[in-house]
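Below is entry25.txt, holding compact mmCIF, C-alpha atoms.
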# COMPACT_ATOMS: atom_id res chain seq x y z
CA MET O 37 -6.52 17.45 82.46
CA ARG O 38 -3.09 16.22 81.42
CA LYS O 39 -4.55 12.94 80.14
CA GLY O 40 -7.07 14.89 78.10
CA MET O 41 -4.31 17.01 76.54
CA ARG O 42 -2.31 13.85 75.76
CA ALA O 43 -5.33 12.25 74.09
CA VAL O 44 -5.90 15.37 71.98
CA GLY O 45 -2.19 15.36 71.05
CA VAL O 46 -2.27 11.69 70.04
CA CYS O 47 -5.42 12.28 68.00
CA CYS O 48 -3.77 15.21 66.22
CA VAL O 49 -0.67 13.12 65.40
CA LEU O 50 -2.87 10.26 64.15
CA ALA O 51 -4.96 12.63 62.02
CA LEU O 52 -1.82 14.19 60.55
CA THR O 53 -0.33 10.76 59.78
CA MET O 54 -3.56 9.57 58.13
CA SER O 55 -3.89 12.71 56.03
CA ASN O 56 -0.22 12.39 55.04
CA LEU O 57 -0.76 8.79 53.98
CA ALA O 58 -3.88 9.77 52.02
CA VAL O 59 -2.03 12.58 50.22
CA THR O 60 0.90 10.25 49.47
CA ALA O 61 -1.46 7.59 48.13
CA MET O 62 -3.21 10.14 45.92
CA ALA O 63 0.07 11.57 44.69
CA ALA O 64 1.61 8.17 43.98
CA PRO O 65 2.04 7.71 40.24
CA ALA O 66 -0.34 5.23 38.70
CA THR O 67 1.57 2.22 37.39
CA SER O 68 -0.80 1.76 34.50
CA GLU O 69 1.72 2.84 31.84
CA ARG O 70 1.66 0.56 28.82
CA TYR O 71 4.67 -0.14 26.65
CA LEU O 72 5.13 -1.09 23.03
CA HIS O 73 8.12 -3.41 22.71
CA VAL O 74 10.02 -4.29 19.55
CA LYS O 75 12.69 -6.99 19.71
CA VAL O 76 14.79 -8.07 16.77
CA ASP O 77 17.17 -11.01 17.16
CA ASP O 78 19.59 -12.02 14.45
CA ALA O 79 21.07 -15.33 15.50
CA SER O 80 23.47 -15.52 12.56
CA LYS O 81 25.19 -12.25 13.52
CA GLY O 82 24.62 -12.53 17.26
CA GLU O 83 22.82 -9.17 17.24
CA SER O 84 19.76 -8.07 19.10
CA VAL O 85 17.86 -4.77 19.18
CA ASN O 86 15.32 -4.02 21.83
CA VAL O 87 13.13 -0.90 21.75
CA ASN O 88 10.61 -0.06 24.47
CA VAL O 89 8.28 2.89 23.93
CA PRO O 90 5.73 4.08 26.50
CA LEU O 91 2.42 4.19 24.61
CA SER O 92 1.52 7.53 26.21
CA MET O 93 4.73 8.94 24.75
CA ALA O 94 3.99 7.53 21.30
CA ALA O 95 0.44 8.94 21.49
CA ALA O 96 1.79 12.36 22.43
CA ILE O 97 4.59 12.42 19.84
CA LEU O 98 2.78 11.08 16.76
CA PRO O 99 0.39 14.04 16.29
CA THR O 100 3.37 16.43 16.34
CA VAL O 101 5.18 14.74 13.44
CA ASN O 102 4.58 16.26 10.03
CA HIS O 103 7.00 14.57 7.71
CA GLY O 104 6.53 12.60 4.51
CA SER O 105 3.23 10.75 4.52
CA LEU O 106 2.81 11.14 8.29
CA HIS O 107 0.91 14.22 9.43
CA ASN O 108 -1.00 14.95 12.66
CA GLY O 109 -0.97 11.29 13.64
CA HIS O 110 -2.41 10.19 10.29
CA VAL O 111 -0.55 8.39 7.55
CA THR O 112 -1.61 8.91 3.96
CA ILE O 113 -1.64 5.86 1.76
CA GLY O 114 -2.02 5.72 -2.00
CA GLU O 115 -5.32 4.60 -3.50
CA THR O 116 -3.44 1.83 -5.24
CA ASP O 117 -2.49 0.26 -1.89
CA PHE O 118 -6.11 -0.83 -1.43
CA ASN O 119 -6.39 -2.14 -5.00
CA GLY O 120 -9.94 -0.84 -5.23
CA VAL O 121 -11.09 -2.82 -2.17
CA ASP O 122 -13.54 -1.04 0.15
CA VAL O 123 -11.66 -1.81 3.35
CA ARG O 124 -14.19 -0.11 5.62
CA ALA O 125 -17.09 -2.16 4.26
CA MET O 126 -14.97 -5.29 4.61
CA LEU O 127 -14.11 -4.42 8.22
CA ASP O 128 -17.79 -3.79 8.98
CA ALA O 129 -18.59 -7.23 7.67
CA ILE O 130 -15.80 -8.84 9.69
CA ARG O 131 -16.75 -6.95 12.87
CA ASN O 132 -20.35 -8.13 12.71
CA ALA O 133 -19.47 -11.69 11.75
CA PRO O 134 -18.88 -14.45 14.33
CA ASP O 135 -15.38 -15.83 14.89
CA ASN O 136 -14.35 -17.47 11.68
CA GLU O 137 -11.60 -18.06 9.18
CA PHE O 138 -12.31 -15.64 6.33
CA VAL O 139 -9.49 -16.21 3.91
CA THR O 140 -7.38 -19.29 3.35
CA VAL O 141 -4.95 -19.28 0.45
CA LYS O 142 -2.68 -22.23 -0.13
CA GLU O 143 -0.17 -21.84 -2.92
CA LYS O 144 2.98 -23.67 -3.84
CA ASP O 145 5.21 -21.00 -2.26
CA GLN O 146 2.90 -19.40 0.26
CA ASP O 147 0.06 -20.02 2.69
CA VAL O 148 -2.10 -17.11 3.86
CA ARG O 149 -4.80 -17.24 6.49
CA VAL O 150 -7.02 -14.38 7.73
CA ALA O 151 -9.34 -14.98 10.65
CA LYS O 152 -11.25 -13.33 13.46
CA LEU O 153 -10.89 -14.85 16.90
CA ASN O 154 -11.83 -13.49 20.36
CA GLY O 155 -12.09 -9.91 19.12
CA ASN O 156 -8.78 -10.05 17.28
CA LEU O 157 -8.00 -9.88 13.59
CA ILE O 158 -5.44 -12.60 12.87
CA VAL O 159 -3.23 -12.88 9.81
CA HIS O 160 -0.83 -15.79 9.27
CA VAL O 161 1.54 -15.85 6.32
CA LEU O 162 3.90 -18.73 5.70
CA ASP O 163 6.47 -18.35 2.94
CA LYS O 164 7.58 -21.78 1.84
CA SER O 165 10.68 -20.58 -0.01
CA LYS O 166 14.17 -21.39 1.28
CA ASP O 167 14.06 -18.72 4.04
CA GLY O 168 10.80 -20.14 5.32
CA GLU O 169 9.53 -16.80 6.62
CA LYS O 170 6.58 -17.00 8.93
CA VAL O 171 4.53 -13.91 9.85
CA ASP O 172 1.86 -13.85 12.54
CA VAL O 173 -0.17 -10.69 13.13
CA THR O 174 -2.77 -10.42 15.89
CA ILE O 175 -4.46 -7.03 16.14
CA PRO O 176 -7.42 -6.30 18.43
CA MET O 177 -10.46 -5.28 16.31
CA LYS O 178 -10.74 -2.08 18.38
CA VAL O 179 -7.28 -1.10 17.18
CA VAL O 180 -8.17 -1.90 13.57
CA ASP O 181 -11.35 0.19 13.93
CA ALA O 182 -9.33 3.08 15.37
CA LEU O 183 -6.87 2.77 12.50
CA PHE O 184 -9.67 3.27 9.96
CA SER O 185 -11.54 5.89 12.02
CA THR O 186 -10.43 8.81 9.86
CA ALA O 187 -12.85 10.70 7.65
CA LYS O 188 -10.63 10.30 4.60
CA ASP O 189 -10.51 6.98 2.77
CA ASN O 190 -6.80 7.17 1.99
CA GLU O 191 -5.66 7.79 5.57
CA LEU O 192 -4.91 5.63 8.57
CA ASP O 193 -5.20 7.13 12.06
CA ILE O 194 -2.03 5.83 13.71
CA ALA O 195 -2.46 8.04 16.80
CA ALA O 196 -5.97 6.67 17.44
CA ALA O 197 -4.65 3.13 17.00
CA ILE O 198 -1.94 3.79 19.59
CA ARG O 199 -4.55 5.15 21.99
CA ALA O 200 -6.69 2.06 21.41
CA LEU O 201 -3.63 -0.14 22.05
CA SER O 202 -3.25 1.53 25.47
CA ASP O 203 -6.58 0.04 26.48
CA ALA O 204 -5.83 -3.40 25.04
CA ARG O 205 -4.70 -6.35 27.11
CA ASP O 206 -1.10 -7.66 27.11
CA ALA O 207 -0.63 -9.22 23.70
CA VAL O 208 1.92 -10.25 21.10
CA LEU O 209 0.96 -8.22 18.04
CA VAL O 210 3.47 -9.31 15.42
CA THR O 211 6.04 -12.07 15.10
CA VAL O 212 8.22 -12.59 12.07
CA GLN O 213 10.52 -15.58 11.95
CA ASP O 214 12.84 -16.56 9.14
CA ALA O 215 15.95 -18.66 8.92
CA THR O 216 18.10 -16.20 10.89
CA GLU O 217 15.96 -13.36 12.21
CA HIS O 218 13.22 -13.21 14.75
CA VAL O 219 11.11 -10.05 15.16
CA ARG O 220 8.60 -9.66 17.93
CA ILE O 221 6.29 -6.70 18.65
CA TRP O 222 4.13 -6.77 21.74
CA ILE O 223 2.46 -4.62 24.40
CA ASP O 224 2.47 -5.00 28.15
CA SER O 225 3.00 -3.01 31.35
CA HIS O 226 6.69 -3.83 31.80
CA SER O 227 9.18 -1.04 31.18
CA SER O 228 11.91 -3.46 30.14
CA GLY O 229 11.74 -5.68 27.12
CA GLU O 230 12.51 -8.94 28.87
CA MET H 86 35.43 38.41 66.82
CA VAL H 87 31.70 37.70 66.91
CA LEU H 88 31.17 40.02 63.93
CA LEU H 89 33.86 38.15 61.98
CA GLY H 90 32.13 34.87 62.76
CA LYS H 91 28.81 36.26 61.52
CA VAL H 92 30.42 37.46 58.28
CA ALA H 93 32.07 34.06 57.77
CA LEU H 94 28.74 32.35 58.43
CA GLY H 95 27.03 34.64 55.93
CA ILE H 96 29.64 33.93 53.24
CA ALA H 97 29.48 30.19 53.88
CA GLY H 98 25.65 30.27 53.77
CA THR H 99 25.62 32.24 50.52
CA ALA H 100 28.17 29.87 48.99
CA LEU H 101 26.10 26.85 50.04
CA ALA H 102 22.90 28.41 48.68
CA GLY H 103 24.71 29.19 45.41
CA ILE H 104 25.99 25.64 45.09
CA GLY H 105 22.51 24.33 45.87
CA LEU H 106 21.00 26.59 43.19
CA ILE H 107 23.57 25.62 40.56
CA CYS H 108 23.09 21.92 41.28
CA SER H 109 19.28 22.18 41.44
CA GLU H 110 18.83 20.95 37.86
CA GLY H 111 21.00 17.91 38.47
CA MET H 112 24.42 17.01 37.14
CA ILE H 113 25.71 16.12 33.71
CA GLU H 114 28.05 13.17 33.92
CA VAL H 115 30.43 12.05 31.19
CA ASN H 116 32.71 9.10 31.79
CA VAL H 117 34.91 7.78 29.00
CA VAL H 118 37.35 4.94 29.57
CA GLU H 119 39.58 3.99 26.64
CA LYS H 120 40.98 0.51 26.96
CA GLN H 121 43.29 0.37 23.97
CA PRO H 122 46.03 1.07 23.00
CA GLU H 123 46.62 3.05 26.20
CA ALA H 124 44.22 3.34 29.03
CA HIS H 125 42.74 6.88 29.17
CA HIS H 126 40.09 8.00 31.55
CA VAL H 127 38.01 11.15 31.11
CA TYR H 128 35.50 11.99 33.80
CA VAL H 129 33.42 15.17 33.84
CA LEU H 130 30.76 15.97 36.40
CA ALA H 131 29.19 19.38 35.84
CA PRO H 132 26.03 21.08 37.08
CA ALA H 133 23.40 20.83 34.35
CA MET H 134 22.37 24.44 34.93
CA LEU H 135 25.71 25.57 33.50
CA VAL H 136 24.72 24.36 30.00
CA PRO H 137 21.84 26.80 29.42
CA ILE H 138 23.91 29.53 31.08
CA THR H 139 26.82 28.79 28.73
CA MET H 140 24.42 28.84 25.77
CA HIS H 141 23.78 32.53 26.48
CA PHE H 142 27.39 33.30 25.57
CA ILE H 143 27.23 31.61 22.15
CA PRO H 144 26.41 34.17 19.44
CA SER H 145 22.98 33.55 17.88
CA ARG H 146 24.42 33.43 14.34
CA LYS H 147 26.60 30.45 15.36
CA LEU H 148 23.46 28.53 16.34
CA GLY H 149 21.58 29.50 13.18
CA ASN H 150 22.08 26.18 11.37
CA ALA H 151 21.25 24.08 14.40
CA ALA H 152 18.16 26.20 15.05
CA ALA H 153 16.98 25.83 11.44
CA GLU H 154 17.40 22.05 11.58
CA ILE H 155 15.72 21.68 14.94
CA LYS H 156 12.75 23.97 14.13
CA PRO H 157 10.51 21.49 12.24
CA TRP H 158 11.03 18.91 14.97
CA LEU H 159 10.58 21.25 17.91
CA PRO H 160 6.99 20.20 18.77
CA THR H 161 8.05 16.53 18.58
CA ILE H 162 11.12 17.09 20.78
CA ARG H 163 9.04 19.07 23.29
CA ALA H 164 6.38 16.35 23.45
CA ALA H 165 8.98 13.59 23.78
CA LEU H 166 10.92 15.34 26.56
CA GLU H 167 7.73 16.23 28.44
CA GLN H 168 6.54 12.63 28.30
CA LEU H 169 9.97 11.33 29.26
CA ARG H 170 10.16 13.65 32.25
CA ALA H 171 6.69 12.67 33.47
CA GLY H 172 7.06 8.96 32.79
CA GLU H 173 8.54 6.08 34.73
CA ASP H 174 12.13 4.92 34.40
CA VAL H 175 12.46 2.86 31.22
CA THR H 176 15.05 1.19 29.01
CA LEU H 177 14.31 2.90 25.70
CA VAL H 178 16.79 1.16 23.42
CA GLU H 179 19.18 -1.73 23.90
CA VAL H 180 21.46 -2.97 21.14
CA ARG H 181 23.72 -5.98 21.54
CA GLU H 182 26.30 -6.96 18.97
CA PRO H 183 29.37 -9.10 19.35
CA GLY H 184 31.78 -6.84 21.26
CA GLN H 185 29.34 -3.95 21.63
CA HIS H 186 26.49 -3.07 23.93
CA VAL H 187 24.47 0.16 23.68
CA LEU H 188 21.90 1.10 26.27
CA VAL H 189 19.68 4.22 26.28
CA THR H 190 17.59 4.62 29.40
CA LYS H 191 15.51 7.16 31.24
CA SER H 192 16.60 7.00 34.83
CA GLY H 193 15.49 9.31 37.62
CA GLY H 194 14.90 12.45 35.56
CA SER H 195 17.93 11.91 33.32
CA VAL H 196 18.59 10.38 29.95
CA VAL H 197 21.48 7.94 30.27
CA VAL H 198 23.50 6.53 27.38
CA ASP H 199 25.93 3.67 28.03
CA VAL H 200 28.14 2.29 25.28
CA THR H 201 30.49 -0.58 25.93
CA ASP H 202 32.72 -2.01 23.24
CA THR H 203 36.07 -3.67 23.01
CA ASP H 204 37.97 -0.35 22.83
CA GLU H 205 36.14 1.88 25.26
CA THR H 206 33.24 2.41 27.57
CA VAL H 207 31.23 5.62 27.45
CA HIS H 208 28.68 6.76 29.99
CA VAL H 209 26.71 9.99 29.48
CA SER H 210 23.95 11.15 31.77
CA ALA H 211 22.04 14.41 31.22
CA PRO H 212 19.03 15.72 33.15
CA ILE H 213 15.93 16.04 30.94
CA ARG H 214 15.22 19.55 32.26
CA ALA H 215 18.66 20.68 31.12
CA ILE H 216 18.08 19.14 27.67
CA GLU H 217 14.74 20.98 27.47
CA SER H 218 16.33 24.33 28.43
CA THR H 219 19.13 23.84 25.91
CA VAL H 220 16.76 22.91 23.07
CA GLU H 221 14.59 25.96 23.83
CA GLN H 222 17.64 28.21 23.76
CA VAL H 223 18.80 26.82 20.43
CA ALA H 224 15.29 27.37 19.05
CA ALA H 225 15.21 30.90 20.48
CA ALA H 226 18.58 31.62 18.85
CA GLY H 227 17.00 30.70 15.51
CA SER H 228 14.15 33.18 15.94
CA GLU H 229 16.65 35.90 16.98
CA THR H 230 18.67 35.24 13.81
CA GLN H 231 15.50 35.59 11.70
CA ASP H 232 14.69 38.92 13.40
Do you think you could lay out the structure here as structure tokens?
Amino acid sequence: MRKGMRAVGVCCVLALTMSNLAVTAMAAPATSERYLHVKVDDASKGESVNVNVPLSMAAAILPTVNHGSLHNGHVTIGETDFNGVDVRAMLDAIRNAPDNEFVTVKEKDQDVRVAKLNGNLIVHVLDKSKDGEKVDVTIPMKVVDALFSTAKDNELDIAAAIRALSDARDAVLVTVQDATEHVRIWIDSHSSGE
Amino acid sequence: MVLLGKVALGIAGTALAGIGLICSEGMIEVNVVEKQPEAHHVYVLAPAMLVPITMHFIPSRKLGNAAAEIKPWLPTIRAALEQLRAGEDVTLVEVREPGQHVLVTKSGGSVVVDVTDTDETVHVSAPIRAIESTVEQVAAAGSETQD
């Protein structure tokens, strides 16, 4: 009889422990938070600025800002900024096209290259002046699509782009390098910038 | 004698419960160390719950300007604080310059600001819940002023 009681007791303790573990596992915060990092290094002044923003926070904050050209997560841009180019039609064409280099401009002072590679829109700009500024932009096409997902032609949906970035893989989005400064914008799952 | 002991126990229990309640929202910590020309050290550790309580004693008209300025940004502040509170610990901003280092972090339910330069070091830590309560009270003071 005693042995039976002991067995029941042990079973109860085991069941309690298992249920506790299950509850703890369910309650444990998911570590899937994604971060947008911005790092600016100025070697000439010995300065560096590092900003790390959780993407969920950016997605929650942006729709609440109504200031200047930013409203409800959308930014309004002037018609002149597109110079009469139908950006949506152009993006449709790029999206459906195979990986390719679409634009290559080589000038005396500047080289520009626009390409699509592995689902990313890639822009390289090389300024050949004395500062020698080099800009590399790599944006997933899904993010570009989200950016232009608004109903209005003169608006960009920044909030949707941020949400699309949350689902993107770790990636360096923008690098700008000139004679003294280095700017880097990237996304990953690390809460610190290093 | 036994009755006296019971009374003492009751008082001690109430005091402990009171301290526990006051400290339940965490502590605000301010630590300033001046290095030059003379070394000064200011250290304040106060229960965060005292801030919203203190706000009750400030006349609404005195908070009018702050309330008016904060009003357009209230939804943004609310969203930011809510996300901060729910999120993981993170280094939000780090600035390094020759002789100066600024660090803004979210650490264990608090926003922490650390500034180190050649003249002084400053450390401020404030629980996010206390910041939320204070912001709401400033905003409420604005609506009272309008009424």
Check your understanding: Which one is closest to Ala96 in chain O: H:His186, H:Arg181, H:Arg170, H:Arg163? Count only C-alpha atoms.
Key ->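 Among the listed residues, the smallest separation from Ala96 in chain O belongs to H:Arg163.
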Review point. How many Å separate CA of Val179 in chain O from CA of Asp78 in chain O?
Key: 29.1 Å
Review point. Rounded to one decimal in Å, what is the spacing between CA of Arg131 in chain O and CA of Val159 in chain O?
Key: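 Straight-line distance from CA of Arg131 in chain O to CA of Val159 in chain O works out to 15.1 Å.
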Practice item. At a cut-off of 10 Å, list the chain O residues touching chain H, using only C-alpha atoms, as JSON, numbers by chain. Key: {"O": [65, 66, 67, 69, 71, 73, 74, 75, 76, 77, 78, 81, 82, 83, 84, 85, 86, 87, 88, 89, 90, 92, 93, 94, 95, 96, 97, 98, 99, 100, 101, 102, 103, 226, 227, 228, 229]}
Check your understanding: Which residues come within 10 Å of Glu110 in chain H, counting only C-alpha atoms, excluding same-chain residues fewer than 4 positions away, as a PyMOL selection string?
Key -> chain H and resi 105-106+132-135+194+211-215
Point to revise | Counting only C-alpha atoms, the residue of O:Asn190, O:Ser185, O:Gln213, O:Ser68 that sits nearest Val173 in chain O | key: O:Gln213
Exercise for review: Do a neighbour search on Phe184 in chain O at 8 Å with only C-alpha atoms, toss out local chain neighbours closer than 6 positions, and write the hits as a VMD selection string.
Suggested key: chain O and resid 124 191 to 193
Export of prior selection with C-alpha atoms as a CSV table (one decimal), in the coordinates of the input:
chain,number,residue,atom,x,y,z
O,124,ARG,CA,-14.2,-0.1,5.6
O,191,GLU,CA,-5.7,7.8,5.6
O,192,LEU,CA,-4.9,5.6,8.6
O,193,ASP,CA,-5.2,7.1,12.1
Review point. What is the distance between CA of Thr186 in chain O and CA of Leu209 in chain O, in Å to one decimal?
Key: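 Here the two named atoms are 22.1 Å from each other.
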Taking all listed atoms of range 89-102 of chain O, build the axis-aligned box, pad each of the six sides by 6 Å, then write its centre and edge lengths in Å to one decimal as JSON.
{"center_x": 4.3, "center_y": 9.7, "center_z": 18.3, "size_x": 19.9, "size_y": 25.5, "size_z": 28.5}
